[in-house]
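What follows is a set of notes on a single structure, which appears directly below.
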Amino acid sequence: VNDTPPVADCVACVGETRIVEPLLNSECSDVSSAVLIGDDGIRRLEAEPFNAPYNGGKNRLFVGTVSGAAAPSKSFLVLSGPWGLAIRRIEAGGEPRSLSTWWAANTRKLPELRDHLITRFGGKTPESRAAARFVQLAEPIPARRQGALGETAAFCAVETALTVESGVLAGGWMRDPGRSYAGLDLLVPGVEPHPLTLHTFDGVLPESQGGYQIRKFVAFAPAGGKMQHHIQPRFELRLASGERAPLVPPPQPGDAVDSRATALGVVPPRHASDDVIANCLAQPFAELQERFKNQIGAPSEITIGSQVNAPTVSIVVPLYKVYDFIKPQLAAFAADRWLAENAEIIFVLDSPEQATHVEDLMIGFHLLYGLPIRLVVMEQNGGYALACNAGAAGAQGRYLAMINSDVVPTESGWLEQLCACLMMDEQVGAVGAKLLYADNAIQHAGLKFIRDEKKRWFNHHYFKGFPRNYAQASVSREVPGVTGACLVMSRFDFEQAGGYTTDFMIGDYEDSDLCLKLRASNKKIYYLGDVELYRFERISIKKNGDYTRGVASQYNRWLQQLRWEQEIMHAMSTIGARDGVLTG
C-alpha cells in the first residue's frame, strides 16, 4: 500500500505499556481500527486512543498504547477508517523513555492529551498511577481565572477541585454584576462538558484581593472514574455571549489526609445545609473518608509491666496530643483495688509522631503507680473510631470500657458497678455514668435526641449544666444512648455490632451510632446516676484543625439521621415519653 511509510515513534513506556505517537492527515478523524503488524504477529492497540486536531488543523495527533514485554521492532502501525488506511513504520530506538521524561521533552503538550494520559494511566497499575501523578506534580498547569478584579468587572475562579472515584467536588467564587456568566462546566476527557449545579452563598474576598463582595459556590459533578486521578481538573465558564473561557484550579492535594481537610473547608459551617450536604457533599465526603481509612496502616503495640491475667474488663483510652489528664486518671485507676486486679489498661495513641514521648510518660507512670499498661500506636492519625476499634481488637476482657483521656473517676468502685449492670441483665447492651464538669455541673446524665426548628435530629445530654446533686439526674434508668466518653459493654456485643462505625469524619456521633446499632438488635442502654466521673470535655478534639475548620459535625449529624431516623423516633417516642417528667 505504501512502500516508504513515515516513521511513528515509540515515545515512552509505562511498565509494559508502550506509547506510540504518529501524525496523521487532517481528514483522519474517525479511526475504526488500529493494529501493529510485525514479526511477532498482529497486535491490536488498546482501546480509547487519543486523536485530536493539531498544528492549526493541518494534522491530527494520534497517541495509542499497546502492551508487551518488548518494544515493537520492525513493525507497522496500521490505522483504518472511512477515509482509508494510514500506515506508519515503527522503529525501536533503544530503551524507551519514561512517561515523565517524554512529557518534559514533548513539544506537543495539548491539554487534552495530558487529560487523556492521566485518565489512561491513572488507574491501570500502581506504577502507572505514580507516573501519571508525577507528570502532574512535575509540570502543573498554571492556575487560570476569568476576568480581572475590580469594582464593576466580572471575575470567576475555581479554587478547589477534589477528584474522587465518582466525580469532582468543586468550590470557588465569582462576581458577576452584569450577568455575564451563563454557567460552569467540568471538562471530562472523551465526553461532552459536564454542567455543574452550583450551590451559592455570600462571601467576601480577603483585603489583599480587594475585599470585594462575592458569591462563593460549591458543586459536585458525578463524572465517574475518568477524573479520579486528576490533580488539576479543567473547567470552562460559559459566557452569556456564547463564548467559553477556560478555568484551571491550583494543583489539589493528593494525600488522603490533606484532601479530606480541604473538602471539609470548602463550605463554611453556617452554609452546610442538609440540601448542600445531601446533593453536593455527601458522596465526595464518603469517598474521601474511605480513601483516608484505607491509607491507615496496622498499629503497633508496646507493653509496659506484667499484664493482668484473664482480665474481666479492658479499659480502652484513645489519646490525641493532650496528655494532661493521664496522671490523675491513672492515679484514680491505681487507687481502685477491684479495677487494678480485674482490668487491663489499653491506651491508643492516635498522634504517632509523639510515640517516644508518650512511651516515656507511660513508663514513668507505671513505675509510679504499678499498673501494667498496653500502648497501641496507630501508624497514622485515624480518628476516634479507628483508634477505639484498634484498642478493642486486641482486648482480652469480657467487657470493654471505652473511656476518654479527659475522664477522671471521683472514687473507687465505678467500673465494678458499670460491669455489674451488664452482668445482671444480658439485655443491657451498654451502660454509662454521670459525667461532671470541673465546677461540678453535670455534663452528661444519659444521651437523648432532640429536634430543631428544621426537624433535624441532634444529640443532647440530659441535664447538661444542672447542679451535680440535682435529684432527677441521680435516677438510674434506661436511656436512648450514652456518651462514648464513658461507655461500658460486652466485647461480644461490640464485635457483633461491628465496633464503632468509621464513616463519620474526625470523631463525633460514633457513640450514638453504636447505641442505635445496639438498640436495633433489641438491646437496652442504661444510665447509672450514682456513678460519677469528671470529664474535661472535648479537650483533644479541639486540637484537630480539620474538625474546627470544616463541616464535619454537620455531616456526621446528617449521616446519623439518614441511617437512623426511624430508630431515633422510636427511641424518643418510647423511652423519651417515659422521661416526660424529666425536664433536662
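Each chain in the C-alpha cells gets a letter, A, B and so on, in the order shown; residues start at 1 in every chain, and ligands are counted from 1 in the order they appear.
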
Which of stretch 308-463 of chain A fall in helix (DSSP H, G or I), as a ChimeraX atom specification: /A:326-335,337-342,352-369,384-393,414-424

Selected residue, from A:Tyr534, A:Phe333, A:Phe76, A:Tyr399, that lies nearest to A:Ile90 when counting only C-alpha atoms: A:Phe76

Residues within 6 Å of A:Thr119, only C-alpha atoms, excluding chain neighbours under 3 positions, as a ChimeraX atom specification: /A:116,122,226

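Residues within 7 Å of stretch 414-428 of chain A, counting only C-alpha atoms and excluding same-chain residues fewer than 6 positions away, are A:Trp338, A:Leu339, A:Val488, A:Lys523, A:Lys524, A:Ile525, A:Tyr526, A:Val531.
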
Stretch 500-504 of chain A surroundings by only C-alpha atoms, 10 Å radius, close-in-sequence under 2 positions cut, as a PyMOL selection string: chain A and resi 285-290+293+382-389+392+484+494-495+497-498+506-515+517+552-553+555-557+559-560

Same residues, N, CA, C and O atoms, output as a compact mmCIF listing (two decimals), in the first residue's frame:
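Everything below was put into selection33.txt:
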# COMPACT_ATOMS: atom_id res chain seq x y z
N PHE A 285 -17.53 13.30 50.35
CA PHE A 285 -17.09 13.10 51.73
C PHE A 285 -16.95 11.61 52.04
O PHE A 285 -15.96 11.19 52.65
N ALA A 286 -17.94 10.82 51.65
CA ALA A 286 -17.90 9.38 51.93
C ALA A 286 -16.70 8.73 51.25
O ALA A 286 -16.01 7.89 51.85
N GLU A 287 -16.43 9.12 50.02
CA GLU A 287 -15.32 8.52 49.29
C GLU A 287 -13.97 8.99 49.82
O GLU A 287 -13.02 8.21 49.91
N LEU A 288 -13.88 10.25 50.22
CA LEU A 288 -12.64 10.74 50.81
C LEU A 288 -12.37 10.08 52.16
O LEU A 288 -11.22 9.77 52.49
N GLN A 289 -13.42 9.86 52.94
CA GLN A 289 -13.25 9.18 54.22
C GLN A 289 -12.80 7.73 54.00
O GLN A 289 -11.94 7.23 54.73
N GLU A 290 -13.36 7.07 53.00
CA GLU A 290 -12.95 5.69 52.70
C GLU A 290 -11.50 5.66 52.24
O GLU A 290 -10.72 4.78 52.66
N LYS A 293 -9.36 6.11 55.31
CA LYS A 293 -9.27 4.91 56.14
C LYS A 293 -8.33 3.87 55.52
O LYS A 293 -7.57 3.20 56.23
N GLY A 382 -5.84 8.39 62.72
CA GLY A 382 -7.02 7.85 62.04
C GLY A 382 -8.34 8.33 62.58
O GLY A 382 -9.38 8.06 61.99
N GLY A 383 -8.33 9.02 63.72
CA GLY A 383 -9.58 9.49 64.31
C GLY A 383 -10.08 8.56 65.40
O GLY A 383 -9.60 7.45 65.60
N TYR A 384 -11.10 9.05 66.08
CA TYR A 384 -11.61 8.40 67.29
C TYR A 384 -12.05 6.96 67.05
O TYR A 384 -11.64 6.04 67.77
N ALA A 385 -12.87 6.73 66.04
CA ALA A 385 -13.44 5.40 65.84
C ALA A 385 -12.37 4.37 65.51
O ALA A 385 -12.36 3.26 66.06
N LEU A 386 -11.46 4.71 64.61
CA LEU A 386 -10.40 3.77 64.24
C LEU A 386 -9.50 3.48 65.44
O LEU A 386 -9.06 2.34 65.63
N ALA A 387 -9.22 4.50 66.25
CA ALA A 387 -8.37 4.30 67.43
C ALA A 387 -9.06 3.37 68.43
O ALA A 387 -8.44 2.43 68.94
N CYS A 388 -10.33 3.62 68.71
CA CYS A 388 -11.05 2.76 69.66
C CYS A 388 -11.16 1.33 69.15
O CYS A 388 -10.98 0.37 69.91
N ASN A 389 -11.44 1.18 67.86
CA ASN A 389 -11.53 -0.17 67.30
C ASN A 389 -10.19 -0.90 67.37
O ASN A 389 -10.15 -2.11 67.59
N ALA A 392 -9.80 -2.07 70.91
CA ALA A 392 -10.70 -3.18 71.21
C ALA A 392 -10.28 -4.47 70.52
O ALA A 392 -10.54 -5.57 71.01
N GLY A 484 -19.80 8.16 74.46
CA GLY A 484 -18.64 7.31 74.35
C GLY A 484 -17.51 7.71 75.26
O GLY A 484 -16.50 7.00 75.36
N PHE A 494 -19.95 -5.65 71.23
CA PHE A 494 -19.18 -4.67 70.46
C PHE A 494 -18.78 -5.26 69.11
O PHE A 494 -18.93 -4.61 68.06
N GLU A 495 -18.31 -6.49 69.14
CA GLU A 495 -17.88 -7.13 67.90
C GLU A 495 -19.07 -7.45 67.01
O GLU A 495 -18.99 -7.30 65.78
N ALA A 497 -21.74 -5.79 66.78
CA ALA A 497 -22.20 -4.52 66.19
C ALA A 497 -21.22 -3.97 65.17
O ALA A 497 -21.50 -2.95 64.52
N GLY A 498 -20.06 -4.62 65.02
CA GLY A 498 -19.06 -4.13 64.08
C GLY A 498 -18.20 -3.02 64.64
O GLY A 498 -17.53 -2.31 63.88
N ILE A 506 -13.59 12.57 61.53
CA ILE A 506 -12.79 13.11 62.63
C ILE A 506 -13.14 12.44 63.96
O ILE A 506 -12.32 11.80 64.56
N GLY A 507 -14.34 12.59 64.46
CA GLY A 507 -14.70 11.98 65.73
C GLY A 507 -15.92 12.62 66.34
O GLY A 507 -15.81 13.58 67.10
N ASP A 508 -17.10 12.15 66.01
CA ASP A 508 -18.34 12.68 66.56
C ASP A 508 -19.47 11.78 66.06
O ASP A 508 -19.44 11.33 64.92
N TYR A 509 -20.46 11.53 66.92
CA TYR A 509 -21.64 10.73 66.60
C TYR A 509 -21.36 9.23 66.54
O TYR A 509 -22.28 8.45 66.35
N GLU A 510 -20.11 8.80 66.69
CA GLU A 510 -19.86 7.36 66.69
C GLU A 510 -20.50 6.68 67.89
O GLU A 510 -20.96 5.53 67.80
N ASP A 511 -20.52 7.39 69.04
CA ASP A 511 -21.08 6.78 70.24
C ASP A 511 -22.59 6.60 70.12
O ASP A 511 -23.13 5.52 70.44
N SER A 512 -23.29 7.63 69.66
CA SER A 512 -24.75 7.49 69.49
C SER A 512 -25.07 6.48 68.41
O SER A 512 -26.04 5.72 68.52
N ASP A 513 -24.26 6.42 67.37
CA ASP A 513 -24.46 5.42 66.32
C ASP A 513 -24.32 4.01 66.88
O ASP A 513 -25.11 3.11 66.55
N LEU A 514 -23.33 3.79 67.75
CA LEU A 514 -23.16 2.48 68.37
C LEU A 514 -24.36 2.13 69.24
O LEU A 514 -24.86 0.99 69.20
N CYS A 515 -24.85 3.10 70.00
CA CYS A 515 -26.04 2.85 70.83
C CYS A 515 -27.25 2.52 69.96
O CYS A 515 -28.05 1.63 70.30
N LYS A 517 -27.15 1.13 67.01
CA LYS A 517 -26.95 -0.23 66.49
C LYS A 517 -27.35 -1.27 67.53
O LYS A 517 -27.97 -2.29 67.20
N ALA A 552 -17.52 18.92 59.50
CA ALA A 552 -17.58 17.51 59.88
C ALA A 552 -18.77 17.21 60.78
O ALA A 552 -19.47 16.21 60.60
N SER A 553 -19.02 18.08 61.77
CA SER A 553 -20.11 17.81 62.70
C SER A 553 -21.47 17.82 62.01
O SER A 553 -22.32 16.96 62.27
N TYR A 555 -22.05 17.19 58.85
CA TYR A 555 -22.12 16.00 58.00
C TYR A 555 -22.41 14.75 58.84
O TYR A 555 -23.25 13.92 58.48
N ASN A 556 -21.73 14.63 59.99
CA ASN A 556 -21.95 13.47 60.85
C ASN A 556 -23.38 13.42 61.35
O ASN A 556 -24.00 12.34 61.42
N ARG A 557 -23.92 14.58 61.74
CA ARG A 557 -25.31 14.61 62.20
C ARG A 557 -26.26 14.19 61.08
O ARG A 557 -27.18 13.41 61.29
N LEU A 559 -25.57 12.32 58.49
CA LEU A 559 -25.39 10.90 58.19
C LEU A 559 -26.11 10.03 59.21
O LEU A 559 -26.74 9.03 58.86
N GLN A 560 -26.03 10.40 60.50
CA GLN A 560 -26.74 9.63 61.52
C GLN A 560 -28.25 9.67 61.27
O GLN A 560 -28.93 8.63 61.37

Pairwise distance for atom CA of A:Leu447 and atom CA of A:Thr410, rounded to one decimal in Å: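 Atom-to-atom, atom CA of A:Leu447 to atom CA of A:Thr410, that is 21.0 Å.
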
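Using only C-alpha atoms, the shortest contact distance between A:Gln472 and any of A:Gln295, A:Asn342, A:Leu487, A:Ala445 is found at A:Ala445.
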
Strand (DSSP E) per DSSP on the backbone: members of stretch 186-339 of chain A, as a PyMOL selection string: chain A and resi 186+194-195+199-204+213-221+235-239+244-247+300-304+313-319

Create the file for the chosen residues now, containing N, CA and C atoms and written as a compact mmCIF listing (two decimals), in the first residue's frame.
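So out.txt came out as:
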# COMPACT_ATOMS: atom_id res chain seq x y z
N LEU A 186 -17.51 21.21 33.84
CA LEU A 186 -16.31 20.41 34.05
C LEU A 186 -15.95 19.74 32.74
N HIS A 194 -19.41 18.67 31.28
CA HIS A 194 -20.40 18.31 32.30
C HIS A 194 -20.86 19.57 33.02
N PRO A 195 -22.13 20.01 32.83
CA PRO A 195 -22.62 21.23 33.51
C PRO A 195 -22.67 21.03 35.02
N HIS A 199 -24.24 25.45 44.18
CA HIS A 199 -24.85 25.89 45.44
C HIS A 199 -24.07 27.14 45.85
N THR A 200 -24.74 28.28 45.94
CA THR A 200 -24.04 29.54 46.15
C THR A 200 -24.39 30.16 47.50
N PHE A 201 -23.49 31.01 47.99
CA PHE A 201 -23.70 31.72 49.24
C PHE A 201 -22.79 32.94 49.24
N ASP A 202 -23.16 33.94 50.04
CA ASP A 202 -22.42 35.20 50.07
C ASP A 202 -21.04 35.04 50.70
N GLY A 203 -20.11 35.85 50.21
CA GLY A 203 -18.77 35.84 50.77
C GLY A 203 -18.07 37.16 50.49
N VAL A 204 -16.86 37.29 51.02
CA VAL A 204 -16.05 38.49 50.84
C VAL A 204 -14.61 38.03 50.59
N GLN A 213 -17.24 42.03 47.67
CA GLN A 213 -18.36 41.12 47.91
C GLN A 213 -18.43 40.14 46.74
N ILE A 214 -18.55 38.86 47.04
CA ILE A 214 -18.58 37.83 46.01
C ILE A 214 -19.66 36.81 46.31
N ARG A 215 -19.91 35.94 45.35
CA ARG A 215 -20.75 34.76 45.58
C ARG A 215 -19.83 33.55 45.55
N LYS A 216 -19.71 32.87 46.67
CA LYS A 216 -18.97 31.62 46.69
C LYS A 216 -19.88 30.50 46.17
N PHE A 217 -19.25 29.44 45.67
CA PHE A 217 -20.06 28.32 45.19
C PHE A 217 -19.37 26.99 45.48
N VAL A 218 -20.17 25.96 45.53
CA VAL A 218 -19.69 24.59 45.65
C VAL A 218 -20.57 23.72 44.77
N ALA A 219 -19.99 22.69 44.18
CA ALA A 219 -20.75 21.81 43.29
C ALA A 219 -20.08 20.45 43.26
N PHE A 220 -20.88 19.43 42.99
CA PHE A 220 -20.32 18.09 42.79
C PHE A 220 -20.75 17.59 41.42
N ALA A 221 -19.78 17.21 40.61
CA ALA A 221 -20.05 16.69 39.27
C ALA A 221 -19.84 15.18 39.27
N PHE A 235 -11.90 23.31 33.73
CA PHE A 235 -13.28 23.77 33.65
C PHE A 235 -13.41 24.78 32.52
N GLU A 236 -14.65 25.02 32.10
CA GLU A 236 -14.95 26.09 31.17
C GLU A 236 -16.12 26.90 31.69
N LEU A 237 -15.97 28.21 31.63
CA LEU A 237 -17.03 29.14 32.01
C LEU A 237 -17.81 29.50 30.76
N ARG A 238 -19.11 29.24 30.79
CA ARG A 238 -19.97 29.63 29.66
C ARG A 238 -20.39 31.08 29.84
N LEU A 239 -20.09 31.90 28.86
CA LEU A 239 -20.44 33.30 28.91
C LEU A 239 -21.78 33.54 28.22
N ARG A 244 -16.65 30.75 25.45
CA ARG A 244 -16.23 29.89 26.57
C ARG A 244 -14.87 30.34 27.05
N ALA A 245 -14.71 30.39 28.37
CA ALA A 245 -13.44 30.81 28.96
C ALA A 245 -12.89 29.67 29.82
N PRO A 246 -11.62 29.29 29.58
CA PRO A 246 -11.05 28.19 30.38
C PRO A 246 -10.75 28.63 31.81
N LEU A 247 -10.97 27.72 32.76
CA LEU A 247 -10.63 27.92 34.16
C LEU A 247 -9.81 26.73 34.63
N SER A 300 0.97 -0.69 65.99
CA SER A 300 1.96 -1.47 66.73
C SER A 300 1.64 -1.38 68.21
N GLU A 301 2.29 -2.21 69.01
CA GLU A 301 1.96 -2.22 70.45
C GLU A 301 3.23 -2.28 71.29
N ILE A 302 3.18 -1.56 72.39
CA ILE A 302 4.26 -1.56 73.39
C ILE A 302 3.63 -1.99 74.71
N THR A 303 4.18 -3.02 75.35
CA THR A 303 3.66 -3.46 76.65
C THR A 303 4.60 -2.99 77.74
N ILE A 304 4.00 -2.49 78.82
CA ILE A 304 4.77 -1.95 79.94
C ILE A 304 4.30 -2.65 81.20
N VAL A 313 -12.32 -6.93 82.42
CA VAL A 313 -12.67 -5.79 81.58
C VAL A 313 -11.41 -5.16 81.00
N SER A 314 -11.53 -4.69 79.78
CA SER A 314 -10.43 -3.97 79.13
C SER A 314 -10.81 -2.51 79.01
N ILE A 315 -10.00 -1.63 79.62
CA ILE A 315 -10.23 -0.19 79.51
C ILE A 315 -9.47 0.32 78.28
N VAL A 316 -10.18 0.92 77.34
CA VAL A 316 -9.57 1.44 76.12
C VAL A 316 -9.66 2.97 76.16
N VAL A 317 -8.50 3.62 76.12
CA VAL A 317 -8.42 5.08 76.23
C VAL A 317 -7.71 5.63 74.98
N PRO A 318 -8.43 6.29 74.07
CA PRO A 318 -7.76 6.91 72.92
C PRO A 318 -7.05 8.20 73.33
N LEU A 319 -5.86 8.41 72.79
CA LEU A 319 -5.06 9.60 73.09
C LEU A 319 -4.78 10.36 71.81

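Among the candidate residues A:Asn440, A:Ser67, A:Thr101, A:Ser490, the one lying nearest to A:Leu518 is A:Ser490, with distances computed using only C-alpha atoms.
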
Per residue of stretch 110-145 of chain A within 12 Å of stretch 12-29 of chain A, record the nearest atom pair and its distance in Å to one decimal, counting only C-alpha atoms, with rows in chain order and ascending residue number, as a Markdown table.
| residue | atom | partner | partner_atom | distance |
| --- | --- | --- | --- | --- |
| A:Leu113 | CA | A:Glu21 | CA | 11.3 |
| A:Leu117 | CA | A:Ile19 | CA | 10.0 |
| A:Ile118 | CA | A:Val14 | CA | 12.0 |
| A:Arg120 | CA | A:Thr17 | CA | 10.9 |
| A:Phe121 | CA | A:Val14 | CA | 8.2 |
| A:Gly122 | CA | A:Val14 | CA | 11.0 |
| A:Lys124 | CA | A:Val14 | CA | 10.0 |
| A:Thr125 | CA | A:Gly15 | CA | 8.6 |
| A:Pro126 | CA | A:Gly15 | CA | 9.9 |
| A:Glu127 | CA | A:Gly15 | CA | 6.9 |
| A:Ser128 | CA | A:Val14 | CA | 5.9 |
| A:Arg129 | CA | A:Val14 | CA | 9.6 |
| A:Ala130 | CA | A:Val14 | CA | 10.0 |
| A:Ala131 | CA | A:Val14 | CA | 7.5 |
| A:Ala132 | CA | A:Val14 | CA | 9.5 |

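Using only C-alpha atoms, the nearest neighbour of A:Gly190 within the list A:Phe50, A:Val257, A:Trp102, A:Val168 is A:Phe50.
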
Just the residues within 10 Å of stretch 370-376 of chain A, please, counting only C-alpha atoms, with nothing from its chain fewer than 2 positions along; format it as a CSV table (one decimal) with N, CA, C and O atoms, in the first residue's frame.
chain,number,residue,atom,x,y,z
A,299,PRO,N,-1.6,-0.9,63.4
A,299,PRO,CA,-1.0,-0.3,64.6
A,299,PRO,C,0.1,-1.2,65.1
A,299,PRO,O,0.2,-2.4,64.8
A,300,SER,N,1.0,-0.7,66.0
A,300,SER,CA,2.0,-1.5,66.7
A,300,SER,C,1.6,-1.4,68.2
A,300,SER,O,0.8,-0.6,68.6
A,301,GLU,N,2.3,-2.2,69.0
A,301,GLU,CA,2.0,-2.2,70.4
A,301,GLU,C,3.2,-2.3,71.3
A,301,GLU,O,4.2,-3.0,70.9
A,302,ILE,N,3.2,-1.6,72.4
A,302,ILE,CA,4.3,-1.6,73.4
A,302,ILE,C,3.6,-2.0,74.7
A,302,ILE,O,2.6,-1.4,75.1
A,303,THR,N,4.2,-3.0,75.3
A,303,THR,CA,3.7,-3.5,76.6
A,303,THR,C,4.6,-3.0,77.7
A,303,THR,O,5.8,-3.1,77.6
A,304,ILE,N,4.0,-2.5,78.8
A,304,ILE,CA,4.8,-1.9,79.9
A,304,ILE,C,4.3,-2.6,81.2
A,304,ILE,O,3.1,-2.5,81.6
A,305,GLY,N,5.2,-3.4,81.8
A,305,GLY,CA,4.8,-4.1,83.0
A,305,GLY,C,4.2,-5.5,82.7
A,305,GLY,O,3.9,-5.8,81.6
A,306,SER,N,4.0,-6.3,83.8
A,306,SER,CA,3.4,-7.6,83.7
A,306,SER,C,1.9,-7.5,83.6
A,306,SER,O,1.3,-6.9,84.5
A,307,GLN,N,1.3,-7.9,82.5
A,307,GLN,CA,-0.1,-7.7,82.2
A,307,GLN,C,-1.0,-8.6,83.1
A,307,GLN,O,-0.6,-9.6,83.6
A,308,VAL,N,-2.2,-8.1,83.3
A,308,VAL,CA,-3.2,-8.8,84.1
A,308,VAL,C,-3.6,-10.1,83.4
A,308,VAL,O,-3.9,-10.1,82.2
A,316,VAL,N,-10.2,0.9,77.3
A,316,VAL,CA,-9.6,1.4,76.1
A,316,VAL,C,-9.7,3.0,76.2
A,316,VAL,O,-10.8,3.5,76.2
A,317,VAL,N,-8.5,3.6,76.1
A,317,VAL,CA,-8.4,5.1,76.2
A,317,VAL,C,-7.7,5.6,75.0
A,317,VAL,O,-6.5,5.4,74.8
A,318,PRO,N,-8.4,6.3,74.1
A,318,PRO,CA,-7.8,6.9,72.9
A,318,PRO,C,-7.1,8.2,73.3
A,318,PRO,O,-7.6,9.0,74.1
A,319,LEU,N,-5.9,8.4,72.8
A,319,LEU,CA,-5.1,9.6,73.1
A,319,LEU,C,-4.8,10.4,71.8
A,319,LEU,O,-4.4,9.8,70.8
A,330,LEU,N,-4.7,7.7,85.8
A,330,LEU,CA,-4.0,6.5,86.2
A,330,LEU,C,-4.0,6.5,87.8
A,330,LEU,O,-4.1,5.4,88.4
A,331,ALA,N,-3.8,7.6,88.4
A,331,ALA,CA,-3.8,7.6,89.9
A,331,ALA,C,-5.2,7.1,90.4
A,331,ALA,O,-5.2,6.3,91.4
A,333,PHE,N,-7.2,5.1,88.8
A,333,PHE,CA,-7.3,3.7,88.4
A,333,PHE,C,-6.6,2.9,89.5
A,333,PHE,O,-7.0,1.9,90.0
A,334,ALA,N,-5.3,3.4,89.8
A,334,ALA,CA,-4.5,2.6,90.8
A,334,ALA,C,-5.1,2.5,92.2
A,334,ALA,O,-4.9,1.6,92.9
A,340,ALA,N,-7.7,-2.5,89.6
A,340,ALA,CA,-6.3,-2.9,89.5
A,340,ALA,C,-6.2,-4.4,89.3
A,340,ALA,O,-5.3,-4.9,88.6
A,341,GLU,N,-7.1,-5.1,90.0
A,341,GLU,CA,-7.0,-6.6,89.9
A,341,GLU,C,-7.7,-7.2,88.7
A,341,GLU,O,-7.4,-8.4,88.3
A,343,ALA,N,-8.8,-5.4,85.7
A,343,ALA,CA,-8.9,-4.6,84.4
A,343,ALA,C,-7.5,-4.5,83.8
A,343,ALA,O,-6.5,-4.4,84.5
A,344,GLU,N,-7.4,-4.6,82.4
A,344,GLU,CA,-6.2,-4.3,81.7
A,344,GLU,C,-6.5,-2.9,81.1
A,344,GLU,O,-7.6,-2.5,80.8
A,345,ILE,N,-5.4,-2.1,81.0
A,345,ILE,CA,-5.5,-0.7,80.6
A,345,ILE,C,-4.8,-0.6,79.2
A,345,ILE,O,-3.6,-0.9,79.1
A,346,ILE,N,-5.5,-0.2,78.2
A,346,ILE,CA,-5.0,0.0,76.9
A,346,ILE,C,-5.1,1.4,76.4
A,346,ILE,O,-6.3,1.9,76.3
A,347,PHE,N,-4.0,2.1,76.3
A,347,PHE,CA,-4.0,3.4,75.7
A,347,PHE,C,-3.8,3.3,74.2
A,347,PHE,O,-2.9,2.5,73.8
A,348,VAL,N,-4.5,4.0,73.4
A,348,VAL,CA,-4.3,4.0,71.9
A,348,VAL,C,-3.9,5.4,71.5
A,348,VAL,O,-4.6,6.4,71.6
A,349,LEU,N,-2.6,5.5,71.0
A,349,LEU,CA,-2.0,6.8,70.7
A,349,LEU,C,-2.4,7.1,69.2
A,349,LEU,O,-1.9,6.4,68.3
A,350,ASP,N,-3.2,8.1,69.0
A,350,ASP,CA,-3.6,8.5,67.6
A,350,ASP,C,-2.8,9.7,67.1
A,350,ASP,O,-3.1,10.2,66.0
A,352,PRO,N,0.9,9.5,66.4
A,352,PRO,CA,2.1,8.6,66.5
A,352,PRO,C,3.4,9.3,66.4
A,352,PRO,O,4.4,8.8,66.9
A,355,ALA,N,5.1,9.2,69.8
A,355,ALA,CA,5.2,7.9,70.4
A,355,ALA,C,6.3,7.8,71.4
A,355,ALA,O,6.1,7.2,72.5
A,358,VAL,N,5.3,9.7,74.6
A,358,VAL,CA,4.2,9.1,75.4
A,358,VAL,C,4.7,7.8,76.0
A,358,VAL,O,4.3,7.4,77.1
A,359,GLU,N,5.5,7.0,75.3
A,359,GLU,CA,6.1,5.8,75.9
A,359,GLU,C,6.9,6.1,77.2
A,359,GLU,O,6.7,5.4,78.2
A,362,MET,N,4.4,6.8,79.9
A,362,MET,CA,3.8,5.6,80.4
A,362,MET,C,4.7,4.8,81.3
A,362,MET,O,4.3,4.2,82.3
A,363,ILE,N,6.0,4.7,80.9
A,363,ILE,CA,6.9,4.0,81.8
A,363,ILE,C,7.1,4.7,83.1
A,363,ILE,O,7.1,4.0,84.2
A,364,GLY,N,7.1,6.0,83.1
A,364,GLY,CA,7.2,6.7,84.4
A,364,GLY,C,6.0,6.5,85.3
A,364,GLY,O,6.1,6.3,86.5
A,365,PHE,N,4.8,6.5,84.6
A,365,PHE,CA,3.5,6.3,85.4
A,365,PHE,C,3.4,4.9,85.9
A,365,PHE,O,2.9,4.6,87.0
A,366,HIS,N,3.9,3.9,85.1
A,366,HIS,CA,4.0,2.6,85.6
A,366,HIS,C,4.8,2.4,86.8
A,366,HIS,O,4.5,1.7,87.8
A,367,LEU,N,6.0,3.1,86.8
A,367,LEU,CA,6.9,3.0,88.0
A,367,LEU,C,6.2,3.7,89.2
A,367,LEU,O,6.4,3.3,90.3
A,368,LEU,N,5.4,4.7,88.9
A,368,LEU,CA,4.8,5.5,90.0
A,368,LEU,C,3.6,4.8,90.6
A,368,LEU,O,3.5,4.7,91.8
A,378,MET,N,-1.1,4.0,66.7
A,378,MET,CA,-1.6,4.0,65.3
A,378,MET,C,-0.5,4.4,64.4
A,378,MET,O,0.4,5.2,64.7
A,379,GLU,N,-0.5,3.8,63.2
A,379,GLU,CA,0.6,4.1,62.2
A,379,GLU,C,0.4,5.6,61.7
A,379,GLU,O,1.4,6.3,61.5
A,387,ALA,N,-9.2,4.5,66.3
A,387,ALA,CA,-8.4,4.3,67.4
A,387,ALA,C,-9.1,3.4,68.4
A,387,ALA,O,-8.4,2.4,68.9
A,390,ALA,N,-9.1,-0.2,67.2
A,390,ALA,CA,-7.8,-0.8,67.2
A,390,ALA,C,-7.5,-1.3,68.7
A,390,ALA,O,-6.9,-2.3,68.9
A,391,GLY,N,-7.9,-0.4,69.7
A,391,GLY,CA,-7.7,-0.9,71.0
A,391,GLY,C,-8.6,-2.1,71.4
A,391,GLY,O,-8.1,-3.0,72.1
A,394,GLY,N,-7.5,-5.9,70.2
A,394,GLY,CA,-6.5,-6.7,71.0
A,394,GLY,C,-6.9,-6.9,72.4
A,394,GLY,O,-6.2,-7.5,73.2
A,395,ALA,N,-8.1,-6.4,72.8
A,395,ALA,CA,-8.6,-6.5,74.2
A,395,ALA,C,-8.8,-8.0,74.6
A,395,ALA,O,-9.3,-8.8,73.8

Shell of 9 Å around A:Ser166, only C-alpha atoms, local chain residues under 3 positions omitted, as a PDB file with C-alpha atoms, in the first residue's frame:
ATOM      1  CA  THR A 163     -11.401  14.252  42.478  1.00  0.00           C
ATOM      2  CA  ALA A 221     -20.048  16.693  39.266  1.00  0.00           C
ATOM      3  CA  PRO A 222     -20.778  12.933  39.138  1.00  0.00           C
ATOM      4  CA  ALA A 223     -18.337  12.390  36.283  1.00  0.00           C
ATOM      5  CA  GLY A 224     -17.469   8.755  37.021  1.00  0.00           C
ATOM      6  CA  GLY A 225     -13.998   7.260  37.181  1.00  0.00           C
ATOM      7  CA  LYS A 226     -12.497   9.287  34.362  1.00  0.00           C
ATOM      8  CA  MET A 227     -11.440  12.082  36.713  1.00  0.00           C
ATOM      9  CA  GLN A 228     -10.332  10.318  39.878  1.00  0.00           C
ATOM     10  CA  GLN A 283     -20.804  11.460  48.091  1.00  0.00           C
ATOM     11  CA  PRO A 284     -17.318  13.001  47.924  1.00  0.00           C
ATOM     12  CA  GLU A 287     -15.315   8.518  49.290  1.00  0.00           C
TER      13      GLU A 287
END
